[in-house]
file start.pdb (PDB, C-alpha atoms)
ATOM      1  CA  LEU Z  37     -14.701   5.376   3.429  1.00  0.00           C
ATOM      2  CA  ILE Z  38     -13.639   5.918  -0.190  1.00  0.00           C
ATOM      3  CA  SER Z  39     -11.701   9.102   0.562  1.00  0.00           C
ATOM      4  CA  ARG Z  40      -9.745   7.359   3.353  1.00  0.00           C
ATOM      5  CA  ALA Z  41      -8.890   4.471   1.036  1.00  0.00           C
ATOM      6  CA  ASP Z  42      -7.685   6.885  -1.670  1.00  0.00           C
ATOM      7  CA  ASN Z  43      -4.294   7.122   0.002  1.00  0.00           C
ATOM      8  CA  PHE Z  44      -0.933   6.692  -1.738  1.00  0.00           C
ATOM      9  CA  PRO Z  45       0.903   4.916   1.160  1.00  0.00           C
ATOM     10  CA  LEU Z  46      -1.684   2.112   1.042  1.00  0.00           C
ATOM     11  CA  MET Z  47      -0.198   1.086  -2.323  1.00  0.00           C
ATOM     12  CA  ALA Z  48       2.656  -0.436  -0.316  1.00  0.00           C
ATOM     13  CA  ILE Z  49       0.409  -3.340   0.685  1.00  0.00           C
ATOM     14  CA  PRO Z  50      -0.341  -4.880  -2.751  1.00  0.00           C
ATOM     15  CA  PHE Z  51       3.275  -4.357  -3.854  1.00  0.00           C
ATOM     16  CA  PHE Z  52       4.718  -6.106  -0.798  1.00  0.00           C
ATOM     17  CA  MET Z  53       2.184  -8.907  -1.350  1.00  0.00           C
ATOM     18  CA  LEU Z  54       3.318  -9.105  -4.974  1.00  0.00           C
ATOM     19  CA  ALA Z  55       6.975  -9.235  -3.879  1.00  0.00           C
ATOM     20  CA  GLY Z  56       6.147 -12.105  -1.509  1.00  0.00           C
ATOM     21  CA  GLU Z  57       4.347 -14.045  -4.228  1.00  0.00           C
ATOM     22  CA  ILE Z  58       7.221 -13.544  -6.682  1.00  0.00           C
ATOM     23  CA  MET Z  59       9.670 -14.791  -4.025  1.00  0.00           C
ATOM     24  CA  ASN Z  60       7.658 -17.967  -3.571  1.00  0.00           C
ATOM     25  CA  LYS Z  61       7.309 -18.668  -7.288  1.00  0.00           C
ATOM     26  CA  GLY Z  62      10.750 -17.511  -8.390  1.00  0.00           C
ATOM     27  CA  GLY Z  63      12.958 -19.603  -6.111  1.00  0.00           C
ATOM     28  CA  ILE Z  64      14.100 -16.792  -3.790  1.00  0.00           C
ATOM     29  CA  SER Z  65      12.505 -18.434  -0.733  1.00  0.00           C
ATOM     30  CA  GLN Z  66      14.277 -21.701  -1.566  1.00  0.00           C
ATOM     31  CA  GLN Z  67      17.640 -19.931  -1.729  1.00  0.00           C
ATOM     32  CA  ILE Z  68      17.096 -18.371   1.709  1.00  0.00           C
ATOM     33  CA  VAL Z  69      16.181 -21.753   3.219  1.00  0.00           C
ATOM     34  CA  ASN Z  70      19.220 -23.386   1.567  1.00  0.00           C
ATOM     35  CA  VAL Z  71      21.744 -20.969   3.073  1.00  0.00           C
ATOM     36  CA  ALA Z  72      20.141 -21.256   6.532  1.00  0.00           C
ATOM     37  CA  ASN Z  73      20.159 -25.052   6.248  1.00  0.00           C
ATOM     38  CA  THR Z  74      23.853 -25.272   5.352  1.00  0.00           C
ATOM     39  CA  LEU Z  75      24.649 -22.973   8.296  1.00  0.00           C
ATOM     40  CA  ILE Z  76      22.695 -24.606  11.141  1.00  0.00           C
ATOM     41  CA  GLY Z  77      20.820 -27.574   9.664  1.00  0.00           C
ATOM     42  CA  HIS Z  78      23.347 -29.987  11.161  1.00  0.00           C
ATOM     43  CA  ILE Z  79      22.599 -29.241  14.841  1.00  0.00           C
ATOM     44  CA  GLU Z  80      19.945 -30.967  16.993  1.00  0.00           C
ATOM     45  CA  GLY Z  81      16.533 -30.018  15.623  1.00  0.00           C
ATOM     46  CA  GLY Z  82      18.377 -27.879  13.067  1.00  0.00           C
ATOM     47  CA  LEU Z  83      15.568 -27.616  10.533  1.00  0.00           C
ATOM     48  CA  GLY Z  84      13.438 -25.858  13.153  1.00  0.00           C
ATOM     49  CA  TYR Z  85      16.067 -23.146  13.508  1.00  0.00           C
ATOM     50  CA  VAL Z  86      16.289 -22.997   9.718  1.00  0.00           C
ATOM     51  CA  ALA Z  87      12.548 -22.267   9.577  1.00  0.00           C
ATOM     52  CA  ILE Z  88      12.858 -19.473  12.166  1.00  0.00           C
ATOM     53  CA  ILE Z  89      15.810 -17.779  10.431  1.00  0.00           C
ATOM     54  CA  ALA Z  90      14.170 -18.113   7.017  1.00  0.00           C
ATOM     55  CA  ALA Z  91      10.927 -16.652   8.445  1.00  0.00           C
ATOM     56  CA  LEU Z  92      12.883 -13.697   9.820  1.00  0.00           C
ATOM     57  CA  ILE Z  93      14.499 -12.965   6.446  1.00  0.00           C
ATOM     58  CA  LEU Z  94      11.262 -13.460   4.498  1.00  0.00           C
ATOM     59  CA  ALA Z  95       9.398 -11.219   6.957  1.00  0.00           C
ATOM     60  CA  ALA Z  96      11.841  -8.417   6.135  1.00  0.00           C
ATOM     61  CA  ILE Z  97      10.826  -8.662   2.481  1.00  0.00           C
ATOM     62  CA  SER Z  98       7.113  -9.446   2.241  1.00  0.00           C
ATOM     63  CA  GLY Z  99       5.562  -8.123   5.471  1.00  0.00           C
ATOM     64  CA  SER Z 100       2.877 -10.774   5.064  1.00  0.00           C
ATOM     65  CA  ALA Z 101       2.350 -13.695   7.451  1.00  0.00           C
ATOM     66  CA  ALA Z 102       0.353 -15.618   4.834  1.00  0.00           C
ATOM     67  CA  ALA Z 103       3.091 -15.255   2.195  1.00  0.00           C
ATOM     68  CA  ASP Z 104       5.772 -16.384   4.644  1.00  0.00           C
ATOM     69  CA  ALA Z 105       3.731 -19.352   5.863  1.00  0.00           C
ATOM     70  CA  ALA Z 106       3.067 -20.462   2.283  1.00  0.00           C
ATOM     71  CA  ALA Z 107       6.744 -20.221   1.332  1.00  0.00           C
ATOM     72  CA  LEU Z 108       8.067 -21.977   4.434  1.00  0.00           C
ATOM     73  CA  ALA Z 109       5.426 -24.712   4.399  1.00  0.00           C
ATOM     74  CA  ALA Z 110       6.148 -25.530   0.753  1.00  0.00           C
ATOM     75  CA  VAL Z 111       9.932 -25.658   1.223  1.00  0.00           C
ATOM     76  CA  VAL Z 112      10.638 -26.675   4.838  1.00  0.00           C
ATOM     77  CA  ILE Z 113       7.816 -29.108   5.715  1.00  0.00           C
ATOM     78  CA  PRO Z 114       8.906 -31.711   3.084  1.00  0.00           C
ATOM     79  CA  MET Z 115      12.487 -31.468   4.420  1.00  0.00           C
ATOM     80  CA  MET Z 116      11.248 -31.984   7.985  1.00  0.00           C
ATOM     81  CA  ARG Z 117       9.035 -34.915   7.016  1.00  0.00           C
ATOM     82  CA  LYS Z 118      11.946 -36.563   5.204  1.00  0.00           C
ATOM     83  CA  SER Z 119      14.092 -36.181   8.346  1.00  0.00           C
ATOM     84  CA  ASN Z 120      11.385 -37.769  10.565  1.00  0.00           C
ATOM     85  CA  TYR Z 121      10.308 -34.567  12.293  1.00  0.00           C
ATOM     86  CA  ASN Z 122       6.814 -34.436  13.785  1.00  0.00           C
ATOM     87  CA  VAL Z 123       4.834 -32.768  10.995  1.00  0.00           C
ATOM     88  CA  GLY Z 124       2.224 -31.269  13.315  1.00  0.00           C
ATOM     89  CA  ARG Z 125       4.872 -29.702  15.512  1.00  0.00           C
ATOM     90  CA  SER Z 126       6.765 -28.483  12.455  1.00  0.00           C
ATOM     91  CA  ALA Z 127       3.615 -26.866  11.065  1.00  0.00           C
ATOM     92  CA  GLY Z 128       3.004 -25.199  14.439  1.00  0.00           C
ATOM     93  CA  LEU Z 129       6.524 -23.774  14.419  1.00  0.00           C
ATOM     94  CA  ILE Z 130       6.096 -22.369  10.922  1.00  0.00           C
ATOM     95  CA  ALA Z 131       2.723 -20.860  11.855  1.00  0.00           C
ATOM     96  CA  GLY Z 132       4.329 -19.173  14.855  1.00  0.00           C
ATOM     97  CA  ALA Z 133       7.402 -18.009  12.928  1.00  0.00           C
ATOM     98  CA  SER Z 134       5.229 -16.524  10.178  1.00  0.00           C
ATOM     99  CA  CYS Z 135       3.604 -14.244  12.766  1.00  0.00           C
ATOM    100  CA  ILE Z 136       6.857 -12.261  12.877  1.00  0.00           C
ATOM    101  CA  ALA Z 137       5.969 -10.732   9.489  1.00  0.00           C
ATOM    102  CA  PRO Z 138       3.156  -8.418  10.744  1.00  0.00           C
ATOM    103  CA  ILE Z 139       5.605  -6.955  13.312  1.00  0.00           C
ATOM    104  CA  LEU Z 140       8.971  -6.711  11.556  1.00  0.00           C
ATOM    105  CA  PRO Z 141       9.316  -4.054   8.827  1.00  0.00           C
ATOM    106  CA  PRO Z 142       7.815  -3.870   6.249  1.00  0.00           C
ATOM    107  CA  ALA Z 143       4.771  -4.989   8.260  1.00  0.00           C
ATOM    108  CA  MET Z 144       1.449  -4.442   6.482  1.00  0.00           C
ATOM    109  CA  PRO Z 145      -0.590  -3.775   9.670  1.00  0.00           C
ATOM    110  CA  LEU Z 146       1.790  -0.910  10.462  1.00  0.00           C
ATOM    111  CA  VAL Z 147       1.071   0.598   7.037  1.00  0.00           C
ATOM    112  CA  LEU Z 148      -2.659   0.521   7.782  1.00  0.00           C
ATOM    113  CA  PHE Z 149      -2.137   1.918  11.277  1.00  0.00           C
ATOM    114  CA  GLY Z 150       0.135   4.672   9.988  1.00  0.00           C
ATOM    115  CA  VAL Z 151      -2.405   5.758   7.377  1.00  0.00           C
ATOM    116  CA  ALA Z 152      -5.320   5.659   9.839  1.00  0.00           C
ATOM    117  CA  ALA Z 153      -3.480   7.504  12.634  1.00  0.00           C
ATOM    118  CA  GLN Z 154      -1.562   9.876  10.315  1.00  0.00           C
ATOM    119  CA  LEU Z 155       1.806   8.704  11.670  1.00  0.00           C
ATOM    120  CA  SER Z 156       5.151   8.204   9.932  1.00  0.00           C
ATOM    121  CA  ILE Z 157       5.116   4.699   8.451  1.00  0.00           C
ATOM    122  CA  THR Z 158       8.913   4.650   8.260  1.00  0.00           C
ATOM    123  CA  LYS Z 159       9.195   5.383  11.999  1.00  0.00           C
ATOM    124  CA  LEU Z 160       6.544   2.767  12.756  1.00  0.00           C
ATOM    125  CA  PHE Z 161       8.515   0.248  10.747  1.00  0.00           C
ATOM    126  CA  PHE Z 162      11.655   0.791  12.781  1.00  0.00           C
ATOM    127  CA  THR Z 163       9.777   0.457  16.074  1.00  0.00           C
ATOM    128  CA  GLY Z 164       8.871  -3.066  14.946  1.00  0.00           C
ATOM    129  CA  ILE Z 165      12.457  -4.322  14.598  1.00  0.00           C
ATOM    130  CA  PHE Z 166      13.150  -5.122  18.269  1.00  0.00           C
ATOM    131  CA  PRO Z 167       9.769  -6.816  18.979  1.00  0.00           C
ATOM    132  CA  GLY Z 168      10.186  -8.880  15.796  1.00  0.00           C
ATOM    133  CA  LEU Z 169      13.662 -10.039  16.816  1.00  0.00           C
ATOM    134  CA  LEU Z 170      12.364 -10.762  20.331  1.00  0.00           C
ATOM    135  CA  MET Z 171       9.653 -12.992  18.860  1.00  0.00           C
ATOM    136  CA  ALA Z 172      12.275 -14.889  16.866  1.00  0.00           C
ATOM    137  CA  LEU Z 173      14.443 -15.304  19.973  1.00  0.00           C
ATOM    138  CA  SER Z 174      11.510 -16.660  21.985  1.00  0.00           C
ATOM    139  CA  LEU Z 175      10.838 -19.221  19.242  1.00  0.00           C
ATOM    140  CA  VAL Z 176      14.520 -20.242  19.209  1.00  0.00           C
ATOM    141  CA  ILE Z 177      14.497 -20.819  22.983  1.00  0.00           C
ATOM    142  CA  THR Z 178      11.223 -22.771  22.843  1.00  0.00           C
ATOM    143  CA  TRP Z 179      12.412 -24.885  19.919  1.00  0.00           C
ATOM    144  CA  LYS Z 180      15.684 -25.645  21.718  1.00  0.00           C
ATOM    145  CA  ILE Z 181      13.722 -27.088  24.645  1.00  0.00           C
ATOM    146  CA  VAL Z 182      11.537 -29.125  22.287  1.00  0.00           C
ATOM    147  CA  ALA Z 183      14.475 -30.317  20.170  1.00  0.00           C
ATOM    148  CA  HIS Z 184      16.429 -31.453  23.223  1.00  0.00           C
ATOM    149  CA  LYS Z 185      13.460 -33.516  24.420  1.00  0.00           C
ATOM    150  CA  ASP Z 186      12.300 -35.337  21.304  1.00  0.00           C
ATOM    151  CA  PHE Z 187      14.626 -34.820  18.350  1.00  0.00           C
ATOM    152  CA  ALA Z 188      17.037 -37.669  18.891  1.00  0.00           C
ATOM    153  CA  ASN Z 189      16.153 -38.776  15.345  1.00  0.00           C
ATOM    154  CA  SER Z 190      17.148 -35.460  13.750  1.00  0.00           C
ATOM    155  CA  PRO Z 191      19.803 -35.735  11.011  1.00  0.00           C
ATOM    156  CA  LYS Z 192      23.323 -36.202  12.366  1.00  0.00           C
ATOM    157  CA  THR Z 193      25.624 -34.294  10.054  1.00  0.00           C
ATOM    158  CA  VAL Z 194      28.529 -31.874  10.447  1.00  0.00           C
ATOM    159  CA  PHE Z 195      28.994 -28.301   9.296  1.00  0.00           C
ATOM    160  CA  ASP Z 196      30.401 -28.200   5.761  1.00  0.00           C
ATOM    161  CA  SER Z 197      32.052 -24.847   5.110  1.00  0.00           C
ATOM    162  CA  LYS Z 198      32.316 -25.497   1.362  1.00  0.00           C
ATOM    163  CA  GLU Z 199      28.587 -26.169   1.098  1.00  0.00           C
ATOM    164  CA  PHE Z 200      27.816 -23.114   3.208  1.00  0.00           C
ATOM    165  CA  PHE Z 201      29.885 -20.710   1.119  1.00  0.00           C
ATOM    166  CA  LYS Z 202      28.497 -22.251  -2.052  1.00  0.00           C
ATOM    167  CA  ALA Z 203      24.927 -21.698  -0.802  1.00  0.00           C
ATOM    168  CA  LEU Z 204      25.846 -18.193   0.421  1.00  0.00           C
ATOM    169  CA  LYS Z 205      27.245 -17.259  -2.973  1.00  0.00           C
ATOM    170  CA  SER Z 206      24.148 -18.604  -4.710  1.00  0.00           C
ATOM    171  CA  SER Z 207      21.761 -16.766  -2.354  1.00  0.00           C
ATOM    172  CA  VAL Z 208      23.489 -13.351  -2.348  1.00  0.00           C
ATOM    173  CA  TRP Z 209      20.708 -11.746  -4.393  1.00  0.00           C
ATOM    174  CA  ALA Z 210      18.003 -13.210  -2.160  1.00  0.00           C
ATOM    175  CA  LEU Z 211      19.745 -11.973   0.998  1.00  0.00           C
ATOM    176  CA  LEU Z 212      20.274  -8.516  -0.515  1.00  0.00           C
ATOM    177  CA  LEU Z 213      16.528  -7.900  -0.807  1.00  0.00           C
ATOM    178  CA  PRO Z 214      15.883  -7.065   2.873  1.00  0.00           C
ATOM    179  CA  VAL Z 215      19.076  -4.972   2.943  1.00  0.00           C
ATOM    180  CA  ILE Z 216      17.854  -2.957  -0.059  1.00  0.00           C
ATOM    181  CA  ILE Z 217      14.364  -2.468   1.404  1.00  0.00           C
ATOM    182  CA  ILE Z 218      15.276  -1.571   4.999  1.00  0.00           C
ATOM    183  CA  GLY Z 219      18.507   0.229   4.085  1.00  0.00           C
ATOM    184  CA  GLY Z 220      16.743   2.305   1.446  1.00  0.00           C
ATOM    185  CA  MET Z 221      14.043   3.429   3.885  1.00  0.00           C
ATOM    186  CA  ARG Z 222      16.511   4.061   6.712  1.00  0.00           C
ATOM    187  CA  SER Z 223      18.730   6.225   4.494  1.00  0.00           C
ATOM    188  CA  GLY Z 224      15.758   8.114   3.070  1.00  0.00           C
ATOM    189  CA  VAL Z 225      16.428   6.979  -0.510  1.00  0.00           C
ATOM    190  CA  PHE Z 226      12.800   5.928  -0.880  1.00  0.00           C
ATOM    191  CA  THR Z 227       9.531   5.912   1.058  1.00  0.00           C
ATOM    192  CA  PRO Z 228       7.843   2.694   2.315  1.00  0.00           C
ATOM    193  CA  THR Z 229       5.548   2.750  -0.728  1.00  0.00           C
ATOM    194  CA  GLU Z 230       8.498   3.132  -3.094  1.00  0.00           C
ATOM    195  CA  ALA Z 231      10.327   0.416  -1.135  1.00  0.00           C
ATOM    196  CA  ALA Z 232       7.430  -1.957  -1.871  1.00  0.00           C
ATOM    197  CA  VAL Z 233       7.700  -1.265  -5.600  1.00  0.00           C
ATOM    198  CA  VAL Z 234      11.486  -1.683  -5.495  1.00  0.00           C
ATOM    199  CA  ALA Z 235      11.058  -5.003  -3.654  1.00  0.00           C
ATOM    200  CA  ALA Z 236       8.627  -6.301  -6.289  1.00  0.00           C
ATOM    201  CA  VAL Z 237      10.788  -5.175  -9.226  1.00  0.00           C
ATOM    202  CA  VAL Z 238      14.049  -6.517  -7.777  1.00  0.00           C
ATOM    203  CA  ALA Z 239      12.359  -9.815  -6.833  1.00  0.00           C
ATOM    204  CA  LEU Z 240      11.000 -10.112 -10.374  1.00  0.00           C
ATOM    205  CA  PHE Z 241      14.409  -9.354 -11.932  1.00  0.00           C
ATOM    206  CA  VAL Z 242      16.203 -11.858  -9.678  1.00  0.00           C
ATOM    207  CA  SER Z 243      13.545 -14.551 -10.230  1.00  0.00           C
ATOM    208  CA  ILE Z 244      13.674 -14.272 -14.026  1.00  0.00           C
ATOM    209  CA  PHE Z 245      17.306 -13.490 -14.794  1.00  0.00           C
ATOM    210  CA  VAL Z 246      19.309 -14.847 -11.823  1.00  0.00           C
ATOM    211  CA  TYR Z 247      17.518 -17.899 -10.391  1.00  0.00           C
ATOM    212  CA  LYS Z 248      15.380 -18.439 -13.510  1.00  0.00           C
ATOM    213  CA  GLY Z 249      12.540 -19.813 -11.420  1.00  0.00           C
ATOM    214  CA  MET Z 250      10.078 -17.730 -13.446  1.00  0.00           C
ATOM    215  CA  LYS Z 251       9.573 -16.945 -17.114  1.00  0.00           C
ATOM    216  CA  PHE Z 252       7.995 -13.869 -18.676  1.00  0.00           C
ATOM    217  CA  ARG Z 253       4.917 -15.908 -19.533  1.00  0.00           C
TER
END

call {"tool": "encode", "arguments": {"input": "start.pdb", "output": "structure tokens"}}
result
Amino acid sequence: LISRADNFPLMAIPFFMLAGEIMNKGGISQQIVNVANTLIGHIEGGLGYVAIIAALILAAISGSAAADAAALAAVVIPMMRKSNYNVGRSAGLIAGASCIAPILPPAMPLVLFGVAAQLSITKLFFTGIFPGLLMALSLVITWKIVAHKDFANSPKTVFDSKEFFKALKSSVWALLLPVIIIGGMRSGVFTPTEAAVVAAVVALFVSIFVYKGMKFR
């Protein structure tokens, strides 16, 4: 048992968990939700779609369903409650959307499976992209049906391009994180384990020096 656990690729798991926790505490999750909200928050049941898109982006950084659920619940649920969304239904959506994280790279279960079966973790990661996107699409379709039925009280606003580009500019660093992680692994610049460390370090740098949601203390 000990010899199987003494495996370098397994170090990816605590580092991706650390990256997810830093995102939640450092304001990165909030930035991702903000840009999604300015893009599609104005449509019928828009905050539901915001939660799904944010879950997809967060899943590509943390690989942890628990981390994603914690981030989305803390940021999106208060917004939904304020806009008279059904809180129970909103919580159910976030729970479902968070389940994308164990499928989409960098999914932690795939790290464990790769170590146990002696398979390439990088290749396993890339086999998870299509199923993860398919899960997100199924949630979008389901939410559209729900929103059309009982979201007449959703906020009636219009798309504001100025607000969107302002939010996009502010969230550039947050949106770059999944590009750095997946792009780095795809190009062979670093291994999944190194990608986890890079994710944690970049998230820490952005949280402290860019968004200033964290302090060294």

call {"tool": "resolve_selection", "arguments": {"input": "start.pdb", "expression": "the PyMOL selection byres ((chain Z and resi 147-163) around 8)", "output": "MDAnalysis selection string"}}
result
chainID Z and resid 43 45:46 48:49 140:146 164:167 221:222 227:228

call {"tool": "residues_near_point", "arguments": {"input": "start.pdb", "point": "(15.8, -15.4, 10.3)", "cutoff": "12 Å", "atoms": "all atoms listed in the file", "output": "compact mmCIF listing (two decimals) with C-alpha atoms, in the coordinates of the input"}}
result
# COMPACT_ATOMS: atom_id res chain seq x y z
CA SER Z 65 12.50 -18.43 -0.73
CA ILE Z 68 17.10 -18.37 1.71
CA VAL Z 69 16.18 -21.75 3.22
CA VAL Z 71 21.74 -20.97 3.07
CA ALA Z 72 20.14 -21.26 6.53
CA ASN Z 73 20.16 -25.05 6.25
CA LEU Z 75 24.65 -22.97 8.30
CA ILE Z 76 22.70 -24.61 11.14
CA GLY Z 84 13.44 -25.86 13.15
CA TYR Z 85 16.07 -23.15 13.51
CA VAL Z 86 16.29 -23.00 9.72
CA ALA Z 87 12.55 -22.27 9.58
CA ILE Z 88 12.86 -19.47 12.17
CA ILE Z 89 15.81 -17.78 10.43
CA ALA Z 90 14.17 -18.11 7.02
CA ALA Z 91 10.93 -16.65 8.44
CA LEU Z 92 12.88 -13.70 9.82
CA ILE Z 93 14.50 -12.96 6.45
CA LEU Z 94 11.26 -13.46 4.50
CA ALA Z 95 9.40 -11.22 6.96
CA ALA Z 96 11.84 -8.42 6.14
CA ILE Z 97 10.83 -8.66 2.48
CA ASP Z 104 5.77 -16.38 4.64
CA LEU Z 108 8.07 -21.98 4.43
CA ILE Z 130 6.10 -22.37 10.92
CA ALA Z 133 7.40 -18.01 12.93
CA SER Z 134 5.23 -16.52 10.18
CA ILE Z 136 6.86 -12.26 12.88
CA ALA Z 137 5.97 -10.73 9.49
CA LEU Z 140 8.97 -6.71 11.56
CA GLY Z 168 10.19 -8.88 15.80
CA LEU Z 169 13.66 -10.04 16.82
CA LEU Z 170 12.36 -10.76 20.33
CA MET Z 171 9.65 -12.99 18.86
CA ALA Z 172 12.28 -14.89 16.87
CA LEU Z 173 14.44 -15.30 19.97
CA LEU Z 175 10.84 -19.22 19.24
CA VAL Z 176 14.52 -20.24 19.21
CA LEU Z 211 19.74 -11.97 1.00
CA PRO Z 214 15.88 -7.06 2.87

call {"tool": "atom_distance", "arguments": {"input": "start.pdb", "atom1": "atom CA of Z:Gly249", "atom2": "atom CA of Z:Gly63"}}
result
5.3 Å

call {"tool": "resolve_selection", "arguments": {"input": "start.pdb", "expression": "the PyMOL selection byres ((chain Z and resi 246) around 10)", "output": "PyMOL selection string"}}
result
chain Z and resi 62-64+206-207+209-210+239-245+247-250

call {"tool": "atom_distance", "arguments": {"input": "start.pdb", "atom1": "atom CA of Z:Ser119", "atom2": "atom CA of Z:Gly81"}}
result
9.8 Å

call {"tool": "closest_residue", "arguments": {"input": "start.pdb", "among": "Z:Ala232, Z:Ile58, Z:Ala105, Z:Ala110", "to": "Z:Ala131", "atoms": "all atoms listed in the file"}}
result
Z:Ala105

call {"tool": "closest_residue", "arguments": {"input": "start.pdb", "among": "Z:Leu129, Z:Leu204, Z:Met115, Z:Ala55", "to": "Z:Ile217", "atoms": "only C-alpha atoms"}}
result
Z:Ala55

call {"tool": "build_atoms", "arguments": {"input": "start.pdb", "residues": "stretch 225-232 of chain Z", "atoms": "all heavy atoms", "output": "CSV table (one decimal), in the coordinates of the input"}}
result
chain,number,residue,atom,x,y,z
Z,225,VAL,N,16.4,7.1,1.0
Z,225,VAL,CA,16.4,7.0,-0.5
Z,225,VAL,C,15.0,6.8,-1.1
Z,225,VAL,O,14.7,7.4,-2.1
Z,225,VAL,CB,17.3,5.8,-1.0
Z,225,VAL,CG1,17.3,5.6,-2.5
Z,225,VAL,CG2,18.8,6.0,-0.5
Z,226,PHE,N,14.2,6.0,-0.4
Z,226,PHE,CA,12.8,5.9,-0.9
Z,226,PHE,C,11.9,5.7,0.3
Z,226,PHE,O,12.3,5.4,1.4
Z,226,PHE,CB,12.6,4.8,-1.9
Z,226,PHE,CG,13.4,3.6,-1.7
Z,226,PHE,CD1,13.1,2.7,-0.6
Z,226,PHE,CD2,14.4,3.2,-2.5
Z,226,PHE,CE1,13.8,1.5,-0.4
Z,226,PHE,CE2,15.2,2.1,-2.3
Z,226,PHE,CZ,14.9,1.2,-1.3
Z,227,THR,N,10.6,6.0,0.1
Z,227,THR,CA,9.5,5.9,1.1
Z,227,THR,C,9.1,4.4,1.2
Z,227,THR,O,9.5,3.6,0.3
Z,227,THR,CB,8.3,6.7,0.6
Z,227,THR,OG1,7.7,6.1,-0.5
Z,227,THR,CG2,8.7,8.2,0.4
Z,228,PRO,N,8.3,4.1,2.2
Z,228,PRO,CA,7.8,2.7,2.3
Z,228,PRO,C,7.1,2.2,1.1
Z,228,PRO,O,7.2,1.1,0.7
Z,228,PRO,CB,6.9,2.7,3.5
Z,228,PRO,CG,7.5,3.8,4.4
Z,228,PRO,CD,8.0,4.9,3.4
Z,229,THR,N,6.3,3.1,0.5
Z,229,THR,CA,5.5,2.8,-0.7
Z,229,THR,C,6.5,2.5,-1.9
Z,229,THR,O,6.3,1.5,-2.6
Z,229,THR,CB,4.6,3.9,-1.1
Z,229,THR,OG1,3.8,4.3,0.0
Z,229,THR,CG2,3.6,3.4,-2.2
Z,230,GLU,N,7.5,3.3,-2.0
Z,230,GLU,CA,8.5,3.1,-3.1
Z,230,GLU,C,9.3,1.9,-2.8
Z,230,GLU,O,9.7,1.2,-3.7
Z,230,GLU,CB,9.4,4.4,-3.2
Z,230,GLU,CG,8.7,5.6,-3.7
Z,230,GLU,CD,9.4,6.9,-3.5
Z,230,GLU,OE1,10.4,6.9,-2.7
Z,230,GLU,OE2,9.0,7.9,-4.0
Z,231,ALA,N,9.6,1.6,-1.5
Z,231,ALA,CA,10.3,0.4,-1.1
Z,231,ALA,C,9.6,-0.8,-1.6
Z,231,ALA,O,10.2,-1.8,-2.0
Z,231,ALA,CB,10.6,0.4,0.4
Z,232,ALA,N,8.2,-0.8,-1.5
Z,232,ALA,CA,7.4,-2.0,-1.9
Z,232,ALA,C,7.6,-2.2,-3.4
Z,232,ALA,O,7.7,-3.4,-3.8
Z,232,ALA,CB,6.0,-1.7,-1.5
